[in-house]
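Visitor: Structure file upload_15.txt (compact mmCIF, C-alpha atoms and all ligand atoms) is given on the next line.
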```txt
# COMPACT_ATOMS: atom_id res chain seq x y z
CA MET A 1 -22.71 -20.45 31.91
CA ARG A 2 -21.74 -21.17 28.32
CA LYS A 3 -18.30 -19.87 27.32
CA ILE A 4 -17.77 -18.08 24.05
CA VAL A 5 -14.97 -16.68 21.90
CA ILE A 6 -14.67 -12.90 21.58
CA ALA A 7 -12.64 -11.78 18.57
CA ILE A 8 -11.29 -8.22 18.59
CA ASP A 9 -9.61 -7.21 15.35
CA GLY A 10 -8.56 -3.90 13.89
CA TYR A 11 -5.77 -1.47 13.16
CA SER A 12 -2.64 -1.09 15.31
CA SER A 13 -2.91 1.04 18.46
CA CYS A 14 -6.69 1.46 18.49
CA GLY A 15 -6.92 0.22 22.06
CA LYS A 16 -7.62 -3.40 21.13
CA SER A 17 -5.43 -4.97 23.79
CA THR A 18 -6.49 -2.61 26.59
CA THR A 19 -10.14 -3.27 25.76
CA ALA A 20 -9.64 -7.03 25.33
CA LYS A 21 -7.75 -7.33 28.65
CA ALA A 22 -10.46 -5.48 30.56
CA VAL A 23 -13.24 -7.54 28.93
CA ALA A 24 -11.39 -10.78 29.77
CA ALA A 25 -10.88 -9.68 33.39
CA GLU A 26 -14.56 -8.76 33.72
CA LEU A 27 -15.71 -12.14 32.38
CA GLY A 28 -12.98 -14.28 33.98
CA TYR A 29 -11.86 -15.30 30.48
CA ALA A 30 -8.33 -15.82 29.19
CA TYR A 31 -6.85 -13.00 27.14
CA ILE A 32 -4.61 -13.82 24.19
CA ASP A 33 -2.63 -11.08 22.46
CA THR A 34 -1.87 -12.60 19.06
CA GLY A 35 0.20 -9.58 17.96
CA ALA A 36 2.65 -10.46 20.75
CA MET A 37 3.12 -13.87 19.13
CA TYR A 38 4.09 -12.34 15.74
CA ARG A 39 6.37 -9.93 17.59
CA ALA A 40 8.04 -12.88 19.35
CA VAL A 41 8.67 -14.64 16.03
CA THR A 42 10.25 -11.41 14.72
CA LEU A 43 12.49 -11.16 17.80
CA TYR A 44 13.53 -14.81 17.45
CA LEU A 45 14.46 -14.39 13.77
CA LEU A 46 16.49 -11.24 14.54
CA GLU A 47 18.30 -12.75 17.50
CA ASN A 48 19.20 -15.83 15.50
CA SER A 49 20.22 -13.82 12.41
CA ILE A 50 17.65 -15.62 10.25
CA SER A 51 16.84 -13.79 7.04
CA PHE A 52 13.14 -13.10 6.41
CA GLU A 53 13.70 -14.59 2.96
CA ASP A 54 15.19 -17.88 4.16
CA LEU A 55 11.95 -19.85 4.18
CA PRO A 56 13.41 -23.32 4.98
CA ARG A 57 15.27 -21.85 7.96
CA ILE A 58 12.12 -19.99 9.08
CA GLU A 59 10.12 -23.26 8.95
CA GLN A 60 12.78 -24.91 11.09
CA ALA A 61 12.81 -21.96 13.51
CA LEU A 62 9.02 -22.21 13.91
CA HIS A 63 9.51 -25.79 15.15
CA GLU A 64 12.34 -24.79 17.48
CA MET A 65 10.86 -21.74 19.20
CA HIS A 66 8.41 -21.97 22.08
CA ILE A 67 5.93 -19.15 22.41
CA THR A 68 3.85 -19.22 25.58
CA PHE A 69 2.07 -16.83 27.90
CA LYS A 70 2.73 -16.69 31.61
CA ARG A 71 0.40 -15.04 34.07
CA ASN A 72 2.05 -12.37 36.18
CA ARG A 73 0.57 -12.89 39.65
CA LYS A 74 1.18 -9.27 40.68
CA THR A 75 -0.47 -7.59 37.70
CA GLY A 76 -2.76 -10.48 36.69
CA ARG A 77 -1.56 -10.01 33.11
CA ASN A 78 -0.40 -12.59 30.63
CA GLU A 79 3.18 -11.97 29.62
CA LEU A 80 4.76 -13.29 26.49
CA CYS A 81 7.55 -15.83 26.94
CA LEU A 82 9.95 -16.90 24.25
CA ASP A 83 11.66 -20.18 25.10
CA GLY A 84 10.57 -19.81 28.71
CA THR A 85 11.84 -16.24 29.25
CA ILE A 86 9.54 -13.23 29.58
CA ARG A 87 10.27 -10.89 26.66
CA GLU A 88 7.41 -8.37 26.99
CA ASP A 89 9.65 -5.29 26.90
CA GLU A 90 11.76 -6.31 23.90
CA ILE A 91 8.84 -7.29 21.69
CA ARG A 92 7.21 -3.84 22.16
CA GLN A 93 10.29 -1.89 21.03
CA MET A 94 10.15 0.15 17.80
CA ARG A 95 12.82 -2.03 16.13
CA ILE A 96 10.34 -4.92 16.34
CA SER A 97 7.32 -2.76 15.39
CA ASN A 98 9.19 -1.71 12.26
CA LEU A 99 9.70 -5.30 11.08
CA VAL A 100 6.79 -7.30 12.47
CA SER A 101 4.40 -6.72 9.54
CA GLU A 102 6.98 -8.18 7.17
CA VAL A 103 7.32 -11.30 9.32
CA SER A 104 3.59 -11.66 9.90
CA GLY A 105 3.06 -11.65 6.13
CA ILE A 106 5.05 -14.90 5.72
CA PRO A 107 2.49 -17.71 5.14
CA ALA A 108 4.44 -20.34 7.16
CA VAL A 109 4.55 -17.97 10.14
CA ARG A 110 0.81 -17.31 9.91
CA HIS A 111 -0.06 -21.00 9.63
CA ALA A 112 1.99 -21.88 12.70
CA MET A 113 0.55 -19.01 14.78
CA VAL A 114 -3.07 -19.63 13.71
CA ARG A 115 -2.76 -23.34 14.63
CA GLN A 116 -1.38 -22.44 18.05
CA GLN A 117 -4.10 -19.79 18.63
CA GLN A 118 -6.83 -22.29 17.74
CA ARG A 119 -5.33 -24.81 20.19
CA MET A 120 -5.15 -22.17 22.94
CA ALA A 121 -8.88 -21.46 22.67
CA ARG A 122 -10.05 -25.07 22.32
CA LYS A 123 -12.18 -24.75 25.43
CA ARG A 124 -13.45 -21.30 24.44
CA GLY A 125 -13.84 -18.70 27.23
CA VAL A 126 -11.28 -16.52 25.47
CA VAL A 127 -10.86 -12.92 24.34
CA MET A 128 -8.38 -12.81 21.47
CA ASP A 129 -7.14 -9.69 19.75
CA GLY A 130 -5.35 -9.40 16.43
CA ARG A 131 -5.98 -8.80 12.75
CA ASP A 132 -7.53 -12.03 11.47
CA ILE A 133 -9.26 -13.53 14.50
CA GLY A 134 -12.83 -13.04 13.26
CA THR A 135 -11.96 -13.93 9.66
CA THR A 136 -9.45 -16.79 9.86
CA VAL A 137 -8.65 -17.98 13.39
CA PHE A 138 -12.23 -18.11 14.70
CA PRO A 139 -14.69 -17.41 11.88
CA ASP A 140 -17.29 -18.92 14.27
CA ALA A 141 -16.52 -16.51 17.17
CA GLU A 142 -19.77 -15.58 18.90
CA VAL A 143 -18.76 -11.90 19.27
CA LYS A 144 -16.67 -10.08 16.66
CA VAL A 145 -15.57 -6.48 17.01
CA PHE A 146 -13.54 -4.52 14.45
CA MET A 147 -11.77 -1.51 15.96
CA THR A 148 -10.56 1.58 14.18
CA ALA A 149 -9.51 5.15 15.10
CA ASP A 150 -8.02 8.24 13.52
CA VAL A 151 -4.28 7.69 12.81
CA LEU A 152 -3.04 10.71 14.82
CA THR A 153 -5.06 9.66 17.87
CA ARG A 154 -3.55 6.19 17.58
CA ALA A 155 -0.01 7.59 17.24
CA LEU A 156 -0.40 9.82 20.31
CA ARG A 157 -1.65 6.87 22.38
CA ARG A 158 1.28 4.74 21.20
CA GLN A 159 3.74 7.55 21.95
CA GLU A 160 2.47 7.70 25.51
CA GLU A 161 2.81 3.92 25.94
CA LEU A 162 6.39 3.99 24.66
CA ALA A 163 7.25 7.00 26.87
CA VAL A 164 6.07 5.11 29.95
CA LYS A 165 8.61 2.43 29.01
CA GLY A 166 11.35 5.04 28.58
CA GLU A 167 11.38 5.12 24.76
CA GLN A 168 10.94 8.66 23.35
CA VAL A 169 9.76 8.54 19.74
CA PRO A 170 8.61 11.54 17.62
CA VAL A 171 4.93 11.33 16.76
CA GLU A 172 5.69 11.61 13.01
CA ASP A 173 7.78 8.41 13.18
CA ILE A 174 4.90 6.60 14.85
CA VAL A 175 2.38 7.87 12.28
CA GLU A 176 4.69 6.60 9.54
CA ASN A 177 5.08 3.22 11.24
CA LEU A 178 1.31 2.88 11.73
CA ARG A 179 0.56 3.83 8.10
CA LYS A 180 3.14 1.37 6.83
CA ARG A 181 1.80 -1.42 9.05
CA ASP A 182 -1.83 -0.67 8.12
CA HIS A 183 -0.86 -0.92 4.48
CA LEU A 184 1.18 -4.12 4.82
CA ASP A 185 -1.42 -5.74 7.12
CA SER A 186 -4.34 -4.96 4.79
CA THR A 187 -2.67 -5.81 1.48
CA ARG A 188 -0.86 -9.06 2.29
CA THR A 189 -2.16 -12.10 0.42
CA GLU A 190 -2.36 -14.40 3.45
CA SER A 191 -5.37 -13.52 5.67
CA PRO A 192 -5.16 -9.73 5.34
CA LEU A 193 -6.59 -7.34 7.91
CA ARG A 194 -10.24 -7.14 6.98
CA ARG A 195 -13.48 -6.57 8.80
CA ALA A 196 -15.47 -9.82 8.93
CA PRO A 197 -18.95 -9.24 7.43
CA ASP A 198 -20.52 -10.06 10.81
CA ALA A 199 -18.11 -7.93 12.90
CA VAL A 200 -19.47 -4.83 14.58
CA LEU A 201 -17.46 -1.64 13.91
CA LEU A 202 -16.07 0.29 16.87
CA ASP A 203 -14.43 3.66 16.18
CA THR A 204 -12.50 4.61 19.32
CA THR A 205 -11.28 8.07 18.21
CA HIS A 206 -13.50 9.88 20.71
CA MET A 207 -14.02 7.09 23.21
CA MET A 208 -12.66 6.41 26.67
CA ILE A 209 -11.49 2.92 27.57
CA ASP A 210 -14.49 2.30 29.85
CA GLU A 211 -16.89 3.08 27.01
CA GLN A 212 -15.06 0.68 24.71
CA VAL A 213 -15.19 -2.06 27.33
CA ASP A 214 -18.90 -1.47 27.98
CA PHE A 215 -19.59 -1.60 24.26
CA VAL A 216 -18.00 -5.06 23.98
CA LEU A 217 -19.60 -6.32 27.20
CA GLU A 218 -23.03 -5.32 25.87
CA ARG A 219 -22.37 -7.40 22.77
CA VAL A 220 -21.31 -10.32 24.94
CA SER A 221 -24.50 -10.09 27.02
CA ALA A 222 -26.62 -9.96 23.86
CA SER A 223 -24.81 -12.98 22.45
CA LEU A 224 -25.13 -15.02 25.66
CA PHE A 225 -28.80 -14.07 25.86
CA SER A 226 -29.54 -15.21 22.32
CA LEU A 227 -27.52 -18.41 22.79
CA ALA A 228 -29.49 -19.18 25.97
CA ALA A 229 -32.75 -18.41 24.19
CA ALA A 230 -31.79 -20.63 21.24
CA GLY A 231 -30.74 -23.38 23.67
CA GLY A 232 -34.09 -23.08 25.45
CA GLU A 233 -36.01 -23.27 22.17
CA HIS A 234 -33.87 -26.22 21.16
CA ARG A 235 -34.73 -28.08 24.37
CA ASN A 236 -38.44 -27.26 23.96
CA THR A 237 -38.56 -28.84 20.55
CA HIS A 238 -37.25 -32.20 21.78
O1 LIG B 301 -1.26 -5.89 17.66
P1 LIG B 301 0.22 -5.57 17.40
O2 LIG B 301 0.47 -4.19 16.92
O3 LIG B 301 1.08 -5.95 18.55
O4 LIG B 301 0.61 -6.55 16.20
C1 LIG B 301 1.90 -6.59 15.67
C2 LIG B 301 1.86 -6.96 14.20
O5 LIG B 301 1.48 -8.33 14.05
C3 LIG B 301 0.90 -6.14 13.34
O6 LIG B 301 1.58 -5.17 12.59
C4 LIG B 301 0.27 -7.15 12.42
C5 LIG B 301 0.62 -8.49 12.95
N1 LIG B 301 -0.54 -9.27 13.39
C6 LIG B 301 -1.13 -10.08 12.46
O7 LIG B 301 -0.73 -10.08 11.31
N2 LIG B 301 -2.15 -10.90 12.83
C7 LIG B 301 -2.59 -10.92 14.09
N3 LIG B 301 -3.58 -11.75 14.43
C8 LIG B 301 -2.00 -10.07 15.05
C9 LIG B 301 -0.98 -9.24 14.67
```
Please re-express this file's structure in structure tokens.
Guide:
Amino acid sequence: MRKIVIAIDGYSSCGKSTTAKAVAAELGYAYIDTGAMYRAVTLYLLENSISFEDLPRIEQALHEMHITFKRNRKTGRNELCLDGTIREDEIRQMRISNLVSEVSGIPAVRHAMVRQQQRMARKRGVVMDGRDIGTTVFPDAEVKVFMTADVLTRALRRQEELAVKGEQVPVEDIVENLRKRDHLDSTRTESPLRRAPDAVLLDTTHMMIDEQVDFVLERVSASLFSLAAAGGEHRNTH
């Protein structure tokens, strides 16, 4: 069967990655968490004491660092590796969340990540989540979903995720972090967070994960159906 690209964009902590992972597992597609890549760049800059203003040094760092994903055989999940070491836990910490929007607004960082993301999905058969997948990375994605949810709902979900990892954070701090990131992500000059005109809106405030996954899978079926129909028509005309 033909393989397509599924782009899932939207605000932070709307359930994008949980939905994208489940959709990828269902279809046997690769899942790529592009937010993890910007988080890894942030971690690298911090660990190497590189100022976010030192653009020549950042350009050099982008050539030096190796961002890859490694499949965890036990969980079946892709884990982010920086220079060959799994750094999943560190990149999810609040100290990174508080700085990542600043780093992801740097044009050189975006260009390097977008190029790598396009290479990763050369063969299609990919579910990619982020902020600019349907607008910049894959404007030709066959399925585009833009996710949103009420900010308090998002903060409570994030608080639970952090608590599972042993980090207790007051909900007000998370709301503030989400608001700040939403603002920075949507107002940056380089590929800001925006709903692509052809992306379907998915508000997850009152939805369960299964419903979100079904919603996307229905879009995928519809897309594959119309592609097959168009392919059939195409063959008939020749
Ligand atoms: O999805 P996330 O919260 O892990 O993303 C972390 C940050 O990275 C987010 O604040 C915005 C940025 N980001 C981006 O600018 N473009 C993407 N495609 C993915 C994430």
Visitor: Using all atoms listed in the file, find each residue of chain A with at least one atom at most 8 Å away from an atom of ligand LIG 301 (chain B); report its shortest atom-to-atom pair and that distance in Å (one decimal), sort the rows by chain and rising residue number, and return the result as a tab-separated table.
Guide:
```
residue	atom	partner	partner_atom	distance
A:Asp9	CA	B:LIG301	N3	7.6
A:Tyr11	CA	B:LIG301	O1	7.8
A:Ser12	CA	B:LIG301	O2	4.7
A:Ser13	CA	B:LIG301	O2	6.4
A:Lys16	CA	B:LIG301	O1	7.7
A:Ser17	CA	B:LIG301	O1	7.5
A:Asp33	CA	B:LIG301	O1	7.2
A:Thr34	CA	B:LIG301	C8	4.7
A:Gly35	CA	B:LIG301	C9	3.5
A:Ala36	CA	B:LIG301	O3	5.3
A:Met37	CA	B:LIG301	C8	7.6
A:Tyr38	CA	B:LIG301	O5	5.1
A:Arg39	CA	B:LIG301	C1	5.9
A:Arg92	CA	B:LIG301	O3	7.4
A:Ser97	CA	B:LIG301	C1	6.6
A:Val100	CA	B:LIG301	C2	5.2
A:Ser101	CA	B:LIG301	O6	4.4
A:Ser104	CA	B:LIG301	O7	4.8
A:Gly105	CA	B:LIG301	O7	6.6
A:Arg110	CA	B:LIG301	O7	7.5
A:Val114	CA	B:LIG301	N3	7.9
A:Asp129	CA	B:LIG301	N3	6.7
A:Gly130	CA	B:LIG301	N3	3.6
A:Arg131	CA	B:LIG301	N3	4.2
A:Asp132	CA	B:LIG301	N3	4.9
A:Ile133	CA	B:LIG301	N3	6.0
A:Arg181	CA	B:LIG301	O6	5.2
A:Asp182	CA	B:LIG301	O6	7.2
A:Leu184	CA	B:LIG301	O6	7.9
A:Asp185	CA	B:LIG301	C4	5.7
A:Pro192	CA	B:LIG301	O7	7.4
A:Leu193	CA	B:LIG301	O7	7.3
```
Visitor: Report as a PyMOL selection string all protein, DNA and RNA residues lying within 12 Å of A:Glu160, evaluated on only C-alpha atoms, omitting residues in the same chain fewer than 4 positions from it.
Guide: chain A and resi 13+153-156+164-171+174
Visitor: Could you write those residues out with C-alpha atoms, as a CSV table (one decimal), in the frame of the given file?
Guide:
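Written file, again25.csv:
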```csv
chain,number,residue,atom,x,y,z
A,13,SER,CA,-2.9,1.0,18.5
A,153,THR,CA,-5.1,9.7,17.9
A,154,ARG,CA,-3.6,6.2,17.6
A,155,ALA,CA,0.0,7.6,17.2
A,156,LEU,CA,-0.4,9.8,20.3
A,164,VAL,CA,6.1,5.1,30.0
A,165,LYS,CA,8.6,2.4,29.0
A,166,GLY,CA,11.4,5.0,28.6
A,167,GLU,CA,11.4,5.1,24.8
A,168,GLN,CA,10.9,8.7,23.4
A,169,VAL,CA,9.8,8.5,19.7
A,170,PRO,CA,8.6,11.5,17.6
A,171,VAL,CA,4.9,11.3,16.8
A,174,ILE,CA,4.9,6.6,14.8
```
Visitor: With distances taken over only C-alpha atoms, which residue among A:Ile32, A:Cys14, A:Val41, A:Val109 lies nearest A:Leu152?
Guide: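 Nearest candidate to A:Leu152 out of A:Ile32, A:Cys14, A:Val41, A:Val109: A:Cys14.
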Visitor: Fewer than 5 positions away in the same chain doesn't count, so skip those; otherwise give me all residues within 10 Å of A:Ser223, counting only C-alpha atoms, as a list in words.
Guide: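 Listing them by chain and then by number gives Ile4, Glu142, Val143, Leu217, Glu218, Ala228 and Ala229 of chain A.
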Visitor: I need the residues from that last selection saved to file as a compact mmCIF listing (two decimals), in the coordinates of the input (with C-alpha atoms), if you can.
Guide:
```
# COMPACT_ATOMS: atom_id res chain seq x y z
CA ILE A 4 -17.77 -18.08 24.05
CA GLU A 142 -19.77 -15.58 18.90
CA VAL A 143 -18.76 -11.90 19.27
CA LEU A 217 -19.60 -6.32 27.20
CA GLU A 218 -23.03 -5.32 25.87
CA ALA A 228 -29.49 -19.18 25.97
CA ALA A 229 -32.75 -18.41 24.19
```
Visitor: Take atom CA of A:Lys123 and atom CA of A:Glu79 and report the distance between them in Å, one decimal.
Guide: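 Straight-line distance from atom CA of A:Lys123 to atom CA of A:Glu79 works out to 20.4 Å.
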Visitor: Looking at only C-alpha atoms, which of A:Thr189, A:Leu227, A:Arg77, A:Arg57 is the one that sits closest to A:Lys21?
Guide: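 When distances to A:Lys21 are compared using only C-alpha atoms, the smallest one comes from A:Arg77.
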Visitor: My list of candidates is A:Met1, A:Ile8, A:Leu201, A:Met65. Which is closest to A:Asp83 when distances are computed with all atoms listed in the file?
Guide: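 Selected residue with least distance to A:Asp83: A:Met65.
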Visitor: How far is it from atom CA of A:Arg219 to atom CA of A:Arg73, in Å with one decimal?
Guide: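 Computing the Euclidean distance for atom CA of A:Arg219 and atom CA of A:Arg73 yields 29.0 Å.
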